[in-house]
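Novice: Coordinates in query-v1.txt, compact mmCIF, C-alpha atoms, are listed below.
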# COMPACT_ATOMS: atom_id res chain seq x y z
CA MET A 24 24.21 90.15 -61.18
CA SER A 25 26.03 87.02 -60.21
CA SER A 26 25.56 87.99 -56.60
CA LEU A 27 21.80 88.17 -57.11
CA VAL A 28 21.73 84.73 -58.74
CA SER A 29 23.72 83.21 -55.94
CA ARG A 30 21.36 84.71 -53.38
CA ARG A 31 18.32 83.31 -55.25
CA SER A 32 19.96 79.87 -55.51
CA PHE A 33 20.74 79.93 -51.82
CA LEU A 34 17.14 80.85 -50.91
CA THR A 35 15.79 78.23 -53.28
CA GLY A 36 18.01 75.60 -51.65
CA LEU A 37 16.80 76.60 -48.21
CA SER A 38 13.19 76.33 -49.35
CA LEU A 39 13.71 72.86 -50.80
CA ALA A 40 15.51 71.70 -47.68
CA ALA A 41 12.72 73.01 -45.52
CA VAL A 42 10.08 71.26 -47.62
CA SER A 43 12.04 68.01 -47.44
CA ALA A 44 12.40 68.32 -43.68
CA VAL A 45 8.68 69.00 -43.24
CA ALA A 46 7.83 66.04 -45.47
CA ALA A 47 10.19 63.81 -43.53
CA CYS A 48 8.70 64.86 -40.18
CA ALA A 49 5.20 64.37 -41.48
CA GLN A 50 6.02 60.74 -42.34
CA LEU A 51 7.51 59.76 -38.97
CA PRO A 52 4.22 58.99 -37.18
CA LYS A 53 3.11 56.89 -40.14
CA GLN A 54 6.33 54.88 -40.05
CA SER A 55 5.95 54.38 -36.29
CA LEU A 56 2.38 53.12 -36.70
CA GLU A 57 3.43 50.72 -39.43
CA VAL A 58 6.13 49.29 -37.21
CA ALA A 59 3.66 48.91 -34.34
CA ASP A 60 1.17 47.16 -36.63
CA VAL A 61 3.58 44.33 -37.49
CA GLN A 62 4.85 43.62 -33.97
CA THR A 63 4.14 40.02 -32.83
CA PRO A 64 2.17 39.84 -29.56
CA PRO A 65 3.91 37.94 -26.74
CA ALA A 66 3.09 34.22 -26.56
CA PRO A 67 0.81 33.27 -23.66
CA GLU A 68 2.61 31.72 -20.71
CA GLN A 69 2.32 27.95 -20.55
CA PRO A 70 1.45 26.42 -17.18
CA PRO A 71 4.37 24.54 -15.63
CA VAL A 72 4.34 20.79 -16.22
CA ALA A 73 4.04 18.95 -12.93
CA ALA A 74 6.67 16.30 -12.28
CA PRO A 75 5.26 12.76 -11.94
CA VAL A 76 4.49 11.90 -8.32
CA GLU A 77 5.90 8.63 -7.05
CA PRO A 78 3.44 6.66 -4.88
CA ALA A 79 4.30 6.89 -1.21
CA LYS A 80 6.13 3.84 0.05
CA PRO A 81 4.55 2.15 3.08
CA ASP A 82 6.11 3.06 6.41
CA TYR A 83 7.41 -0.39 7.23
CA VAL A 84 9.40 0.89 10.21
CA SER A 85 6.16 1.89 11.95
CA MET A 86 4.22 -1.14 10.71
CA TYR A 87 6.72 -3.67 12.03
CA ARG A 88 8.08 -1.92 15.11
CA ALA A 89 8.30 -3.67 18.49
CA VAL A 90 4.97 -3.81 20.30
CA GLU A 91 4.20 -4.04 24.02
CA GLU A 92 0.63 -4.97 24.90
CA ASP A 93 -1.07 -6.53 27.93
CA GLY A 94 2.31 -7.31 29.47
CA TYR A 95 3.58 -9.08 26.34
CA LYS A 96 6.51 -7.72 24.34
CA LEU A 97 6.66 -8.53 20.64
CA PRO A 98 10.01 -7.91 18.94
CA ALA A 99 10.26 -5.81 15.78
CA ILE A 100 10.11 -7.66 12.47
CA PRO A 101 13.38 -7.38 10.50
CA PHE A 102 11.40 -6.50 7.39
CA ALA A 103 14.52 -5.74 5.33
CA LYS A 104 15.21 -9.50 5.34
CA VAL A 105 11.73 -10.30 3.98
CA ASN A 106 10.75 -10.36 0.31
CA GLU A 107 8.89 -7.05 -0.06
CA LYS A 108 5.90 -8.66 -1.77
CA PHE A 109 5.02 -10.37 1.53
CA LEU A 110 4.93 -7.10 3.48
CA ARG A 111 1.60 -5.41 4.18
CA GLN A 112 0.50 -3.11 1.34
CA ILE A 113 -2.53 -1.82 -0.56
CA VAL A 114 -2.85 -3.29 -4.07
CA ASP A 115 -5.40 -3.48 -6.87
CA ASP A 116 -7.95 -6.10 -5.86
CA PRO A 117 -7.44 -9.28 -7.91
CA THR A 118 -10.30 -11.23 -6.29
CA GLY A 119 -13.52 -9.61 -7.50
CA GLU A 120 -15.09 -10.28 -4.10
CA LYS A 121 -17.23 -7.72 -2.27
CA PRO A 122 -15.56 -5.29 0.17
CA GLY A 123 -15.05 -6.74 3.63
CA THR A 124 -14.26 -10.26 2.38
CA ILE A 125 -11.07 -12.10 3.32
CA VAL A 126 -9.54 -14.12 0.48
CA ILE A 127 -6.61 -16.49 1.01
CA ASN A 128 -4.59 -17.52 -2.02
CA THR A 129 -2.77 -20.67 -0.93
CA VAL A 130 -0.70 -20.80 -4.12
CA ASP A 131 0.84 -17.33 -3.96
CA LYS A 132 0.66 -17.21 -0.13
CA PHE A 133 -1.26 -13.96 0.10
CA LEU A 134 -4.20 -12.97 2.26
CA TYR A 135 -6.38 -10.19 0.84
CA LEU A 136 -8.86 -8.05 2.72
CA VAL A 137 -11.05 -6.55 0.00
CA LEU A 138 -11.50 -2.77 0.32
CA LYS A 139 -13.64 -0.29 -1.57
CA ASN A 140 -12.80 1.33 -4.93
CA GLY A 141 -11.17 -1.77 -6.39
CA LYS A 142 -8.40 -2.00 -3.79
CA ALA A 143 -7.34 -4.64 -1.27
CA MET A 144 -5.02 -4.84 1.70
CA ARG A 145 -2.56 -7.64 0.99
CA TYR A 146 -0.64 -9.55 3.64
CA GLY A 147 1.95 -12.28 3.23
CA VAL A 148 1.18 -15.60 4.91
CA GLY A 149 2.90 -18.86 5.66
CA LEU A 150 1.04 -22.16 5.34
CA GLY A 151 1.33 -25.41 7.25
CA ARG A 152 -0.23 -28.74 6.35
CA GLN A 153 -3.55 -27.67 7.86
CA GLY A 154 -3.37 -24.48 5.81
CA TYR A 155 -3.54 -26.53 2.60
CA SER A 156 -6.10 -29.04 3.86
CA TRP A 157 -9.26 -26.98 3.48
CA LYS A 158 -10.66 -24.73 0.74
CA GLY A 159 -14.03 -23.07 0.22
CA ARG A 160 -16.24 -20.36 1.68
CA ALA A 161 -16.76 -19.83 5.36
CA ILE A 162 -16.89 -17.08 8.00
CA VAL A 163 -14.73 -15.79 10.82
CA GLN A 164 -16.88 -17.12 13.67
CA TRP A 165 -14.94 -15.31 16.37
CA LYS A 166 -11.61 -13.68 17.18
CA ARG A 167 -9.26 -13.90 20.15
CA LYS A 168 -6.50 -11.65 21.49
CA TRP A 169 -3.51 -13.53 22.90
CA PRO A 170 -5.18 -16.92 22.41
CA THR A 171 -4.45 -20.18 24.18
CA TRP A 172 -3.05 -22.86 21.89
CA THR A 173 -4.33 -26.43 22.25
CA PRO A 174 -2.50 -28.90 19.99
CA PRO A 175 -4.69 -31.54 18.31
CA SER A 176 -4.35 -35.11 19.52
CA ALA A 177 -2.85 -36.16 16.20
CA MET A 178 -0.10 -33.57 16.61
CA ILE A 179 0.60 -34.77 20.14
CA SER A 180 0.87 -38.34 18.81
CA ARG A 181 3.48 -37.21 16.30
CA ASP A 182 5.36 -35.16 18.88
CA PRO A 183 4.92 -36.53 22.44
CA LYS A 184 6.74 -33.48 23.87
CA LEU A 185 3.50 -31.55 23.28
CA GLU A 186 1.63 -33.72 25.79
CA LYS A 187 2.16 -31.07 28.47
CA TRP A 188 0.03 -28.69 26.42
CA ARG A 189 -2.92 -31.04 25.94
CA GLN A 190 -5.06 -28.74 28.09
CA GLY A 191 -3.72 -25.65 26.36
CA MET A 192 -0.56 -23.56 26.17
CA PRO A 193 -0.89 -20.16 27.86
CA PRO A 194 -0.73 -17.01 25.72
CA GLY A 195 2.64 -15.38 25.11
CA VAL A 196 5.16 -14.31 22.51
CA ASN A 197 6.25 -17.94 21.98
CA ASN A 198 2.72 -19.31 21.66
CA PRO A 199 2.28 -20.82 18.16
CA LEU A 200 -0.93 -18.79 17.65
CA GLY A 201 0.89 -15.55 18.36
CA SER A 202 -0.87 -12.33 19.33
CA ARG A 203 -4.23 -12.93 17.59
CA ALA A 204 -6.31 -15.77 16.16
CA LEU A 205 -9.34 -15.82 13.85
CA TYR A 206 -11.42 -19.02 14.03
CA ILE A 207 -13.05 -20.23 10.82
CA PHE A 208 -16.44 -21.97 10.78
CA GLN A 209 -18.52 -23.32 7.91
CA GLY A 210 -22.22 -24.03 8.36
CA GLY A 211 -21.86 -23.58 12.09
CA VAL A 212 -19.10 -26.21 12.31
CA ASP A 213 -15.49 -25.50 13.27
CA THR A 214 -13.24 -26.19 10.29
CA LEU A 215 -10.19 -26.26 12.61
CA TYR A 216 -8.84 -23.66 10.20
CA ARG A 217 -7.15 -20.70 11.89
CA ILE A 218 -5.62 -17.42 10.79
CA HIS A 219 -3.10 -16.50 13.44
CA GLY A 220 0.11 -14.75 14.32
CA SER A 221 3.43 -16.52 14.49
CA PRO A 222 6.60 -15.98 16.51
CA ASP A 223 8.55 -17.32 13.52
CA TRP A 224 8.65 -14.29 11.18
CA ASN A 225 10.90 -16.19 8.78
CA SER A 226 8.09 -18.65 7.97
CA ILE A 227 5.95 -16.02 6.22
CA GLY A 228 5.80 -16.64 2.48
CA LYS A 229 6.87 -20.26 2.99
CA SER A 230 5.43 -23.69 3.71
CA ALA A 231 5.76 -24.99 7.25
CA SER A 232 5.45 -28.41 8.84
CA SER A 233 2.36 -27.56 10.88
CA GLY A 234 -0.20 -24.85 11.52
CA CYS A 235 -2.83 -23.11 9.41
CA VAL A 236 -2.42 -19.60 8.03
CA ARG A 237 0.46 -17.80 9.71
CA MET A 238 0.99 -14.05 9.65
CA PHE A 239 3.46 -11.63 11.15
CA ASN A 240 2.15 -10.82 14.62
CA GLN A 241 1.97 -7.14 13.68
CA ASP A 242 -0.02 -8.01 10.54
CA VAL A 243 -2.57 -10.25 12.23
CA MET A 244 -3.11 -7.50 14.81
CA ASP A 245 -3.83 -5.08 11.97
CA LEU A 246 -6.23 -7.54 10.31
CA TYR A 247 -7.94 -8.26 13.65
CA ASP A 248 -8.76 -4.58 14.08
CA ARG A 249 -10.17 -4.30 10.54
CA VAL A 250 -12.62 -7.21 10.48
CA PRO A 251 -15.59 -8.06 12.73
CA SER A 252 -16.90 -11.49 13.63
CA LYS A 253 -18.97 -13.12 10.85
CA THR A 254 -16.63 -11.72 8.20
CA PRO A 255 -16.97 -13.80 5.01
CA LEU A 256 -13.89 -15.74 3.92
CA LEU A 257 -12.81 -17.56 0.78
CA VAL A 258 -9.85 -19.96 0.64
CA LEU A 259 -8.54 -20.75 -2.83
Could you take the file, read its structure, and then write that structure out as structure tokens?
Specialist:
Amino acid sequence: MSSLVSRRSFLTGLSLAAVSAVAACAQLPKQSLEVADVQTPPAPEQPPVAAPVEPAKPDYVSMYRAVEEDGYKLPAIPFAKVNEKFLRQIVDDPTGEKPGTIVINTVDKFLYLVLKNGKAMRYGVGLGRQGYSWKGRAIVQWKRKWPTWTPPSAMISRDPKLEKWRQGMPPGVNNPLGSRALYIFQGGVDTLYRIHGSPDWNSIGKSASSGCVRMFNQDVMDLYDRVPSKTPLLVL
């Protein structure tokens, strides 16, 4: 009798275990679905943040290199010895003038060539007494490459050594007008105002004893190529 009871208990236990196992297996897919339902989707990839781009620095080595032209040899400008603000560079236009206009600021010693889109090419200049003597609006009547320099009679009176150049000093690297000259007229009359190169690079950004508007020879050559005759000009 006891043997029969034990056998029934054993079978009953097997049945219960089987039912439990089946129930457990039946729940597995449900548990898997529930886990899948609560998974957090991956965050979208953010585009990489671009590093700020520094504006390109002007290539002063190329701008102020030695130049040989028409048999004349201009030395390189030692631009590292010059205050950087007087080196050629594109800046925001402070003048408000129309593109193509030359503006000379005699206080800050800058010459601006107004460009499009609110920009201007800025050059450093040096000014002599004549450079401060005239202000107003005018035009570049004409331009000359490797000009002849003829000192005014008043200058010869102050410095008799210039008498030998009364009929004109030939072009050359030591000519006070340098490699280029722009002649300024107002109402058809010569103002005697000149924008010109200078062999004395150290005078740019400074006041000089004589002359009009001096530029580095390499800068006045650049300006010469950018502006035609009859270019409007304003001297402040």
Novice: What gap, in Å, lies between atom CA of Gly147 of chain A and atom CA of Asn197 of chain A?
Specialist: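 Value for the atom CA of Gly147 of chain A-atom CA of Asn197 of chain A distance: 20.1 Å.
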Novice: Could you pull the residues within 7 Å of Ala231 of chain A, counting only C-alpha atoms, minus those fewer than 5 positions along the same chain, as a list of chain:residue names?
Specialist: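 Result of the neighbour search: A:Gly149, A:Leu150, A:Gly151, A:Ser226.
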Novice: Hey, can you spit out that residue selection with C-alpha atoms as a compact mmCIF listing (two decimals), keeping the file's coordinate frame?
Specialist:
# COMPACT_ATOMS: atom_id res chain seq x y z
CA GLY A 149 2.90 -18.86 5.66
CA LEU A 150 1.04 -22.16 5.34
CA GLY A 151 1.33 -25.41 7.25
CA SER A 226 8.09 -18.65 7.97
Novice: Ranking A:Gly228, A:Gly220, A:Pro122, A:Pro183 by minimum distance to Asn198 of chain A and counting only C-alpha atoms, which one comes first?
Specialist: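 Between A:Gly228, A:Gly220, A:Pro122, A:Pro183, the residue approaching Asn198 of chain A most closely is A:Gly220.
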Novice: Near Trp165 of chain A, counting all atoms listed in the file, which residues have an atom at most 12 Å away, once you skip same-chain residues fewer than 4 positions from it, shown as a PDB file with C-alpha atoms, keeping the file's coordinate frame?
Specialist:
ATOM      1  CA  PRO A 170      -5.180 -16.920  22.410  1.00  0.00           C
ATOM      2  CA  ARG A 203      -4.230 -12.930  17.590  1.00  0.00           C
ATOM      3  CA  ALA A 204      -6.310 -15.770  16.160  1.00  0.00           C
ATOM      4  CA  LEU A 205      -9.340 -15.820  13.850  1.00  0.00           C
ATOM      5  CA  TYR A 206     -11.420 -19.020  14.030  1.00  0.00           C
ATOM      6  CA  ILE A 207     -13.050 -20.230  10.820  1.00  0.00           C
ATOM      7  CA  PHE A 208     -16.440 -21.970  10.780  1.00  0.00           C
ATOM      8  CA  GLY A 211     -21.860 -23.580  12.090  1.00  0.00           C
ATOM      9  CA  ASP A 213     -15.490 -25.500  13.270  1.00  0.00           C
ATOM     10  CA  ARG A 217      -7.150 -20.700  11.890  1.00  0.00           C
ATOM     11  CA  ILE A 218      -5.620 -17.420  10.790  1.00  0.00           C
ATOM     12  CA  TYR A 247      -7.940  -8.260  13.650  1.00  0.00           C
ATOM     13  CA  VAL A 250     -12.620  -7.210  10.480  1.00  0.00           C
ATOM     14  CA  PRO A 251     -15.590  -8.060  12.730  1.00  0.00           C
ATOM     15  CA  SER A 252     -16.900 -11.490  13.630  1.00  0.00           C
ATOM     16  CA  LYS A 253     -18.970 -13.120  10.850  1.00  0.00           C
ATOM     17  CA  THR A 254     -16.630 -11.720   8.200  1.00  0.00           C
ATOM     18  CA  PRO A 255     -16.970 -13.800   5.010  1.00  0.00           C
TER      19      PRO A 255
END
Novice: From the set A:Asn140, A:Gln241, A:Ser233, A:Ser180, which residue has the shortest atom-to-atom contact distance to Asp115 of chain A, counting only C-alpha atoms?
Specialist: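 Among the listed residues, A:Asn140 lies closest to Asp115 of chain A.
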Novice: Provide the atom CA of Val196 of chain A to atom CA of Tyr95 of chain A distance in Å, to one decimal place.
Specialist: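 A separation of 6.7 Å between them.
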Novice: With all atoms listed in the file as the basis for distance, which of A:Val105, A:Leu110, A:Leu257, A:Met178 is at the shortest distance from Met86 of chain A?
Specialist: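 Between A:Val105, A:Leu110, A:Leu257, A:Met178, the residue approaching Met86 of chain A most closely is A:Leu110.
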Novice: One number please: atom CA of Pro193 of chain A to atom CA of Lys168 of chain A, in Å, one decimal.
Specialist: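 Interatomic distance here is 12.0 Å.
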Novice: Take the point (-9.3, -6.4, -7.3) in the file's coordinates, draw a sphere of radius 12 Å around it, and report as a list in words every protein, DNA or RNA residue with an atom inside or on it, counting only C-alpha atoms.
Specialist: Ile113, Val114, Asp115, Asp116, Pro117, Thr118, Gly119, Glu120, Lys121, Pro122, Thr124, Val126, Tyr135, Leu136, Val137, Leu138, Lys139, Asn140, Gly141, Lys142, Ala143, Met144 and Arg145 of chain A
Novice: Excluding same-chain residues fewer than 5 positions from Pro199 of chain A, what lies within 12 Å of it counting all atoms listed in the file, as an MDAnalysis selection string?
Specialist: chainID A and resid 151 169:174 185 188 191:194 204 217:224 226 233:240
